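Coordinates as given in start_14.tsv (TSV, C-alpha atoms):
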chain	number	residue	atom	x	y	z
G	1	LYS	CA	4.15	-16.37	-9.94
G	2	MET	CA	1.05	-18.46	-9.27
G	3	LEU	CA	2.91	-21.79	-9.56
G	4	ASP	CA	3.31	-24.00	-6.51
G	5	PRO	CA	6.81	-24.93	-5.21
G	6	ILE	CA	6.86	-28.40	-6.80
G	7	SER	CA	5.98	-26.97	-10.23
G	8	LEU	CA	8.59	-24.23	-9.85
G	9	CYS	CA	11.23	-26.88	-9.18
G	10	HIS	CA	10.13	-29.07	-12.11
G	11	CYS	CA	9.79	-26.36	-14.73
G	12	PRO	CA	13.55	-25.73	-15.25
G	13	SER	CA	13.95	-29.36	-16.33
G	14	VAL	CA	11.61	-28.84	-19.31
G	15	SER	CA	14.35	-27.34	-21.47
G	16	LYS	CA	17.66	-25.50	-21.37
G	17	PHE	CA	15.83	-22.26	-22.19
G	18	TRP	CA	13.45	-22.70	-19.26
G	19	LYS	CA	16.33	-23.60	-16.96
G	20	GLU	CA	17.94	-20.23	-17.63
G	21	LEU	CA	14.76	-18.23	-16.99
G	22	PRO	CA	15.23	-16.13	-13.83
G	23	VAL	CA	11.56	-16.41	-12.83
G	24	PHE	CA	12.11	-19.88	-11.38
G	25	GLN	CA	14.82	-18.57	-9.04
G	26	ASP	CA	13.10	-15.25	-8.26
G	27	GLU	CA	13.74	-14.28	-4.64
G	28	ASP	CA	10.39	-12.54	-4.16
G	29	THR	CA	8.49	-15.53	-5.53
G	30	TRP	CA	10.12	-17.98	-3.11
G	31	LEU	CA	9.82	-15.57	-0.18
G	32	ASN	CA	6.11	-15.19	-0.90
G	33	LEU	CA	5.63	-18.98	-1.05
G	34	ALA	CA	7.57	-19.48	2.19
G	35	ALA	CA	5.54	-16.80	3.97
G	36	LYS	CA	2.24	-18.26	2.77
G	37	ARG	CA	3.13	-21.76	3.92
G	38	PHE	CA	5.17	-21.21	7.09
G	39	GLY	CA	4.12	-17.70	8.13
G	40	TYR	CA	6.23	-14.54	8.29
G	41	TYR	CA	7.27	-15.17	11.90
G	42	ASN	CA	8.82	-18.57	11.12
G	43	VAL	CA	10.46	-17.33	7.91
G	44	ARG	CA	12.08	-14.46	9.79
G	45	GLN	CA	13.29	-16.80	12.56
G	46	TRP	CA	14.83	-19.24	10.10
G	47	SER	CA	16.43	-16.47	8.04
G	48	GLU	CA	18.07	-15.03	11.15
G	49	LYS	CA	19.24	-18.50	12.21
G	50	TYR	CA	21.14	-19.00	8.95
G	51	GLU	CA	22.51	-15.48	8.95
G	52	ASP	CA	23.81	-16.01	12.50
G	53	GLY	CA	26.00	-18.93	11.58
G	54	GLU	CA	24.37	-22.03	10.14
G	55	SER	CA	25.34	-20.96	6.61
G	56	GLY	CA	28.71	-19.58	7.56
G	57	GLY	CA	27.25	-16.13	8.02
G	58	LYS	CA	26.22	-15.95	4.38
G	59	LYS	CA	22.68	-15.14	3.34
G	60	ILE	CA	21.04	-18.13	1.64
G	61	SER	CA	18.58	-17.81	-1.23
G	62	ASN	CA	14.87	-17.82	-0.46
G	63	LYS	CA	14.51	-20.95	-2.59
G	64	MET	CA	17.06	-22.75	-0.41
G	65	LEU	CA	15.39	-21.36	2.70
G	66	TYR	CA	12.06	-22.81	1.54
G	67	LYS	CA	13.71	-26.19	0.87
G	68	GLN	CA	15.31	-26.26	4.32
G	69	MET	CA	12.05	-25.38	6.08
G	70	ASN	CA	10.19	-27.96	4.00
G	71	ALA	CA	12.75	-30.63	4.91
G	72	ALA	CA	12.19	-29.81	8.61
G	73	ASN	CA	8.39	-29.96	8.15
G	74	VAL	CA	8.02	-26.55	9.81
G	75	MET	CA	4.51	-25.92	11.08
G	76	PRO	CA	2.77	-22.59	10.41
G	77	HIS	CA	2.75	-20.37	13.46
G	78	PHE	CA	-0.17	-20.65	15.87
G	79	SER	CA	-0.64	-20.18	19.60
G	80	GLN	CA	0.87	-23.09	21.54
G	81	GLU	CA	0.06	-21.77	24.99
G	82	GLY	CA	-0.94	-24.60	27.31
G	83	VAL	CA	-0.18	-27.40	24.85
G	84	SER	CA	2.71	-29.82	24.27
G	85	LEU	CA	3.75	-31.43	21.00
G	86	LEU	CA	3.11	-35.18	20.79
G	87	GLY	CA	4.31	-35.79	17.25
G	88	ASP	CA	4.18	-34.85	13.59
G	89	ALA	CA	4.07	-36.54	10.18
G	90	ARG	CA	3.60	-35.83	6.52
G	91	ILE	CA	2.64	-37.30	3.21
G	92	PRO	CA	5.49	-35.66	1.24
G	93	GLY	CA	4.46	-32.90	-1.12
G	94	ARG	CA	0.81	-33.16	-0.12
G	95	VAL	CA	-0.19	-32.79	3.51
G	96	SER	CA	1.38	-32.47	6.96
G	97	GLY	CA	-0.01	-32.97	10.45
G	98	TRP	CA	1.04	-32.10	14.01
G	99	VAL	CA	-0.59	-33.33	17.22
G	100	PHE	CA	-0.59	-31.45	20.53
G	101	ILE	CA	-2.00	-32.42	23.92
G	102	VAL	CA	-3.76	-29.76	25.98
G	103	GLU	CA	-2.24	-29.65	29.45
G	104	ARG	CA	-4.42	-29.12	32.53
G	105	SER	CA	-3.09	-27.25	35.56
G	106	ASN	CA	-3.30	-30.30	37.86
G	107	GLY	CA	-2.48	-32.86	35.17
G	108	GLU	CA	-5.64	-34.85	35.94
G	109	THR	CA	-8.02	-36.00	33.22
G	110	LEU	CA	-11.33	-36.72	34.99
G	111	ARG	CA	-14.29	-34.84	33.48
G	112	SER	CA	-18.05	-35.12	33.78
G	113	VAL	CA	-19.31	-36.83	30.62
G	114	LYS	CA	-22.75	-37.95	29.49
G	115	ARG	CA	-23.29	-41.67	29.80
G	116	GLU	CA	-22.47	-43.46	26.58
G	117	PRO	CA	-25.65	-44.89	25.02
G	118	GLY	CA	-25.94	-48.65	25.41
G	119	THR	CA	-23.44	-48.96	28.26
G	120	THR	CA	-24.27	-50.61	31.60
G	121	LEU	CA	-21.69	-48.99	33.81
G	122	PRO	CA	-22.55	-48.74	37.55
G	123	GLY	CA	-24.02	-45.59	39.04
G	124	ASN	CA	-27.08	-43.44	38.55
G	125	GLY	CA	-27.74	-40.22	36.67
G	126	SER	CA	-27.10	-39.00	33.16
G	127	TYR	CA	-23.44	-38.16	33.72
G	128	GLN	CA	-20.38	-39.97	35.00
G	129	SER	CA	-16.72	-39.19	35.58
G	130	ARG	CA	-14.42	-40.27	32.76
G	131	PRO	CA	-10.80	-39.54	31.89
G	132	VAL	CA	-10.80	-37.14	28.93
G	133	VAL	CA	-7.78	-35.88	27.01
G	134	GLU	CA	-8.04	-32.98	24.58
G	135	LEU	CA	-5.88	-33.05	21.45
G	136	ARG	CA	-5.21	-30.28	18.96
G	137	ILE	CA	-4.43	-31.66	15.51
G	138	VAL	CA	-2.99	-29.18	13.02
G	139	VAL	CA	-3.35	-30.16	9.35
G	140	GLN	CA	-1.91	-28.24	6.39
G	141	ASN	CA	-2.09	-28.69	2.63
G	142	THR	CA	1.62	-28.42	1.81
G	143	GLY	CA	1.62	-29.14	-1.92
G	144	MET	CA	-1.79	-29.95	-3.44
G	145	ALA	CA	-2.22	-27.00	-5.79
G	146	ASN	CA	-4.70	-28.44	-8.31
G	147	GLN	CA	-7.02	-30.22	-5.87
G	148	PRO	CA	-7.81	-29.46	-2.22
G	149	VAL	CA	-7.01	-31.82	0.63
G	150	VAL	CA	-10.37	-33.07	1.88
G	151	LEU	CA	-11.00	-34.34	5.40
G	152	LYS	CA	-14.30	-36.10	5.93
G	153	ASP	CA	-16.12	-36.62	9.19
G	154	GLN	CA	-14.41	-39.38	11.14
G	155	LEU	CA	-13.75	-40.62	14.65
G	156	VAL	CA	-10.13	-40.00	15.60
G	157	PRO	CA	-8.45	-42.97	17.35
G	158	VAL	CA	-5.31	-43.14	19.49
G	159	ASP	CA	-3.37	-46.41	19.43
G	160	VAL	CA	-2.30	-47.76	22.84
G	161	SER	CA	-1.21	-51.24	21.74
G	162	THR	CA	1.52	-53.09	23.58
G	163	ARG	CA	3.63	-56.08	22.62
G	164	ARG	CA	1.11	-58.34	24.32
G	165	SER	CA	-2.17	-56.88	23.17
G	166	GLY	CA	-3.81	-54.38	20.87
G	167	GLY	CA	-5.68	-51.37	22.13
G	168	GLU	CA	-7.27	-48.17	20.93
G	169	LEU	CA	-8.77	-45.12	22.59
G	170	GLN	CA	-11.67	-43.50	20.77
G	171	GLU	CA	-12.92	-39.97	20.34
G	172	ILE	CA	-15.94	-38.98	22.43
G	173	SER	CA	-18.81	-38.67	19.99
G	174	TRP	CA	-21.92	-39.02	22.17
G	175	ASP	CA	-21.60	-35.83	24.26
G	176	ASP	CA	-22.13	-32.60	22.32
G	177	ARG	CA	-19.97	-30.66	24.80
G	178	PHE	CA	-16.96	-32.62	23.57
G	179	LYS	CA	-17.78	-32.76	19.88
G	180	LYS	CA	-15.03	-32.08	17.38
G	181	VAL	CA	-14.39	-28.42	16.54
G	182	VAL	CA	-12.47	-27.25	13.46
G	183	ARG	CA	-10.73	-23.87	13.69
G	184	ASN	CA	-8.52	-21.64	11.62
G	185	LEU	CA	-5.04	-20.72	12.83
G	186	ASP	CA	-6.37	-17.48	14.31
G	187	GLY	CA	-8.83	-19.41	16.49
G	188	THR	CA	-11.98	-18.64	14.52
G	189	ILE	CA	-14.27	-21.57	13.81
G	190	ARG	CA	-14.37	-22.99	10.29
G	191	LYS	CA	-17.82	-23.79	9.01
G	192	VAL	CA	-18.38	-27.54	9.23
G	193	PRO	CA	-21.16	-29.17	7.16
G	194	SER	CA	-23.99	-30.34	9.39
G	195	VAL	CA	-24.35	-34.09	9.86
G	196	SER	CA	-27.44	-36.22	10.25
G	197	SER	CA	-28.54	-37.69	13.55
G	198	ASN	CA	-27.12	-41.03	12.38
G	199	ARG	CA	-23.69	-39.43	11.95
G	200	ASP	CA	-23.00	-39.08	8.25
G	201	LEU	CA	-19.43	-40.29	7.88
G	202	ASN	CA	-19.37	-39.04	4.29
G	203	ALA	CA	-19.83	-35.42	5.36
G	204	GLU	CA	-16.84	-33.17	4.84
G	205	LEU	CA	-15.15	-31.54	7.81
G	206	CYS	CA	-13.14	-29.16	5.66
G	207	ARG	CA	-11.36	-28.58	2.36
G	208	LEU	CA	-7.85	-27.20	2.45
G	209	ASN	CA	-6.48	-25.42	-0.60
G	210	LEU	CA	-2.73	-24.95	-1.07
G	211	PHE	CA	-1.09	-23.84	2.22
G	212	GLU	CA	-4.41	-23.61	4.05
G	213	THR	CA	-4.37	-24.96	7.61
G	214	ALA	CA	-7.05	-26.24	9.98
G	215	VAL	CA	-6.84	-27.04	13.71
G	216	PHE	CA	-9.01	-29.89	14.99
G	217	GLU	CA	-10.02	-29.95	18.65
G	218	VAL	CA	-10.65	-33.58	19.58
G	219	HIS	CA	-11.55	-35.13	22.93
G	220	ILE	CA	-10.38	-38.69	23.56
G	221	ASN	CA	-12.05	-41.15	25.94
G	222	ALA	CA	-8.75	-41.91	27.72
G	223	ARG	CA	-9.78	-44.93	29.77
G	224	GLY	CA	-7.09	-46.02	32.19
G	225	CYS	CA	-5.28	-42.67	31.99
G	226	SER	CA	-5.85	-40.73	35.20
G	227	THR	CA	-3.32	-38.06	34.17
G	228	THR	CA	-2.08	-36.54	30.93
G	229	SER	CA	1.37	-37.99	31.69
G	230	LYS	CA	-0.11	-41.49	31.84
G	231	PHE	CA	-1.81	-40.89	28.50
G	232	GLN	CA	1.48	-39.80	26.95
G	233	GLN	CA	3.24	-42.87	28.29
G	234	ARG	CA	0.64	-45.23	26.83
G	235	SER	CA	-0.14	-43.63	23.48
G	236	ASN	CA	1.68	-44.63	20.29
G	237	PHE	CA	0.08	-42.76	17.41
G	238	THR	CA	-3.09	-41.34	15.93
G	239	LYS	CA	-4.24	-41.25	12.34
G	240	LEU	CA	-6.41	-39.13	10.10
G	241	LEU	CA	-8.05	-40.16	6.86
G	242	VAL	CA	-7.36	-37.58	4.14
G	243	SER	CA	-8.67	-37.50	0.60
G	244	LEU	CA	-6.00	-36.70	-2.02
G	245	ASP	CA	-7.12	-36.45	-5.64
G	246	GLY	CA	-10.20	-38.49	-4.76
G	247	THR	CA	-8.28	-41.28	-3.01
G	248	THR	CA	-8.64	-41.65	0.76
G	249	VAL	CA	-5.40	-42.54	2.54
G	250	PRO	CA	-4.40	-42.65	6.23
G	251	MET	CA	-1.92	-40.13	7.59
G	252	VAL	CA	-0.38	-41.84	10.63
G	253	ILE	CA	1.14	-39.43	13.16
G	254	PRO	CA	3.50	-41.25	15.57
G	255	PHE	CA	3.97	-39.82	19.03
G	256	LEU	CA	7.36	-39.04	20.49
G	257	ARG	CA	8.60	-41.68	22.90
G	258	ASP	CA	10.62	-39.35	25.14
G	259	HIS	CA	7.64	-37.43	26.50
G	260	SER	CA	8.42	-35.05	29.30
G	261	VAL	CA	6.77	-36.12	32.54
G	262	HIS	CA	4.87	-33.24	34.07

Kindly transcribe the structure held in the file into structure tokens.
Amino acid sequence: KMLDPISLCHCPSVSKFWKELPVFQDEDTWLNLAAKRFGYYNVRQWSEKYEDGESGGKKISNKMLYKQMNAANVMPHFSQEGVSLLGDARIPGRVSGWVFIVERSNGETLRSVKREPGTTLPGNGSYQSRPVVELRIVVQNTGMANQPVVLKDQLVPVDVSTRRSGGELQEISWDDRFKKVVRNLDGTIRKVPSVSSNRDLNAELCRLNLFETAVFEVHINARGCSTTSKFQQRSNFTKLLVSLDGTTVPMVIPFLRDHSVH
């Protein structure tokens, strides 16, 4: 019962004898896997949904329930108070990501930020007003059982390209008050390896074993976006670099185009 879902689905194809073994269809095994990945709350909600009519009132197997929730890329349960979903994506059978924007009560984005080193913007003092948008990026290892999903230290961009020109908003990295924070689903902070003063881009942010999830709090220098609604109208996607079996690949998370205007 320690096999991952992909292995459990592949094992019956080994032989006719294995195909007839009940362990690969065991209800408790699949319920346990679903609960570990999606959380008990989501599993209960989906079970009730099918029992109430989507399966004709018939109870579906836990294996089928897992497959349906996997197909929908269901995110593990975490507090979504004060945030709105921008988009989600996955690298099938390996890792999934969801991006949320943190809403402010007045919708405005201006914050006091330390002056970026090397800039010659007008004004005096060590701080200046800049539009800042906070994102919450949820990342889960959805199928890597033998090797963890590794996320290394990186600056998270947001694409704002148009048909006429390219454009990208960058993460604020020069003000410690807005530095990236990595949390667990319960809100506790995950230990992040310390980086050198020169910003060691090879440092690991976190390792996610099978079904483990991390929440990244990222602050974007949202130039030209005086409100969160303006940011949502301009933004196209973000991307994270993830290491899978030693190979670094981008996970592009496109943003929904029918954003609600707040």

Who sits within 12 Å of Ala71 of chain G, all atoms listed in the file, same chain under 2 positions skipped, as a count of residues only = 15

Can you find the residues with an atom no farther than 12 Å from (-15.2, -21.0, 12.7), counting only C-alpha atoms, and report them as an mmCIF file with C-alpha atoms, in the frame of the given file?
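As written to disk, result33.cif reads:
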data_model
loop_
_atom_site.group_PDB
_atom_site.id
_atom_site.type_symbol
_atom_site.label_atom_id
_atom_site.label_comp_id
_atom_site.auth_asym_id
_atom_site.auth_seq_id
_atom_site.Cartn_x
_atom_site.Cartn_y
_atom_site.Cartn_z
ATOM 1 C CA VAL G 181 -14.390 -28.420 16.540
ATOM 2 C CA VAL G 182 -12.470 -27.250 13.460
ATOM 3 C CA ARG G 183 -10.730 -23.870 13.690
ATOM 4 C CA ASN G 184 -8.520 -21.640 11.620
ATOM 5 C CA LEU G 185 -5.040 -20.720 12.830
ATOM 6 C CA ASP G 186 -6.370 -17.480 14.310
ATOM 7 C CA GLY G 187 -8.830 -19.410 16.490
ATOM 8 C CA THR G 188 -11.980 -18.640 14.520
ATOM 9 C CA ILE G 189 -14.270 -21.570 13.810
ATOM 10 C CA ARG G 190 -14.370 -22.990 10.290
ATOM 11 C CA LYS G 191 -17.820 -23.790 9.010
ATOM 12 C CA VAL G 192 -18.380 -27.540 9.230
ATOM 13 C CA PRO G 193 -21.160 -29.170 7.160
ATOM 14 C CA LEU G 205 -15.150 -31.540 7.810
ATOM 15 C CA CYS G 206 -13.140 -29.160 5.660
ATOM 16 C CA ALA G 214 -7.050 -26.240 9.980
ATOM 17 C CA VAL G 215 -6.840 -27.040 13.710
ATOM 18 C CA PHE G 216 -9.010 -29.890 14.990
ATOM 19 C CA GLU G 217 -10.020 -29.950 18.650
#

Rank nothing, just name the residue among G:Ala35, G:Ala222, G:Ala72, G:Val102 nearest to Gly167 of chain G, using all atoms listed in the file.
->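 For Gly167 of chain G, the nearest of the given residues is G:Ala222.
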
May I ask for the distance between atom CA of Ser165 of chain G and atom CA of Lys180 of chain G, given in Å to one decimal place?
->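 Value for the atom CA of Ser165 of chain G-atom CA of Lys180 of chain G distance: 28.5 Å.
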
Judged by only C-alpha atoms, the minimum distance to Arg207 of chain G among G:Val139, G:Ile220, G:Leu155, G:Val252 is found for G:Val139

Atom CA of Glu212 of chain G and atom CA of Pro76 of chain G, how far apart in Å?
-> 9.6 Å

Proximity to Ser105 of chain G - best of G:Thr29, G:Thr228, G:Asn141, G:Arg136, all atoms listed in the file |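 Under the stated criterion, the closest residue is G:Thr228.
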
Which residue gives the smallest distance to Pro148 of chain G among G:Asn236, G:Thr247, G:Gln128, G:Gln80, with all atoms listed in the file counted?
-> G:Thr247

What is the atom CA of Val242 of chain G-atom CA of Leu210 of chain G distance in Å, reported with one decimal?
-> 14.4 Å

Lys239 of chain G: which residues within 8 Å, counting all atoms listed in the file, same-chain residues fewer than 5 positions away excluded, as a list in words?
-> Val156, Pro157, Val158, Pro250, Met251, Val252 and Ile253 of chain G

Would you mind telling me which residue in G:Asn146, G:Pro254, G:Tyr127, G:Lys63 lies nearest to Leu208 of chain G when using only C-alpha atoms?
-> G:Asn146

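The residue that comes closest to Asp175 of chain G, out of G:Leu244, G:Val113, G:Val133, G:Leu33 and on the basis of all atoms listed in the file, is G:Val113.
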
Produce the centre coordinates and the three edge lengths, each in Å to one decimal, of the box along x, y and z that contains all listed atoms of segment 72-81 of chain G with 6 Å added on each side, as AutoDock Vina command-line options.
--center_x 5.8 --center_y -25.1 --center_z 16.6 --size_x 24.8 --size_y 21.8 --size_z 28.8

Within 10 Å of (1.1, -37.0, 27.8) in the file's own coordinates, which protein, DNA or RNA residues have an atom, counting only C-alpha atoms? List them as a CSV table (one decimal) with C-alpha atoms, in the frame of the given file.
chain,number,residue,atom,x,y,z
G,84,SER,CA,2.7,-29.8,24.3
G,85,LEU,CA,3.8,-31.4,21.0
G,86,LEU,CA,3.1,-35.2,20.8
G,100,PHE,CA,-0.6,-31.4,20.5
G,101,ILE,CA,-2.0,-32.4,23.9
G,102,VAL,CA,-3.8,-29.8,26.0
G,103,GLU,CA,-2.2,-29.6,29.4
G,107,GLY,CA,-2.5,-32.9,35.2
G,133,VAL,CA,-7.8,-35.9,27.0
G,225,CYS,CA,-5.3,-42.7,32.0
G,227,THR,CA,-3.3,-38.1,34.2
G,228,THR,CA,-2.1,-36.5,30.9
G,229,SER,CA,1.4,-38.0,31.7
G,230,LYS,CA,-0.1,-41.5,31.8
G,231,PHE,CA,-1.8,-40.9,28.5
G,232,GLN,CA,1.5,-39.8,27.0
G,233,GLN,CA,3.2,-42.9,28.3
G,234,ARG,CA,0.6,-45.2,26.8
G,235,SER,CA,-0.1,-43.6,23.5
G,255,PHE,CA,4.0,-39.8,19.0
G,256,LEU,CA,7.4,-39.0,20.5
G,259,HIS,CA,7.6,-37.4,26.5
G,260,SER,CA,8.4,-35.0,29.3
G,261,VAL,CA,6.8,-36.1,32.5
G,262,HIS,CA,4.9,-33.2,34.1
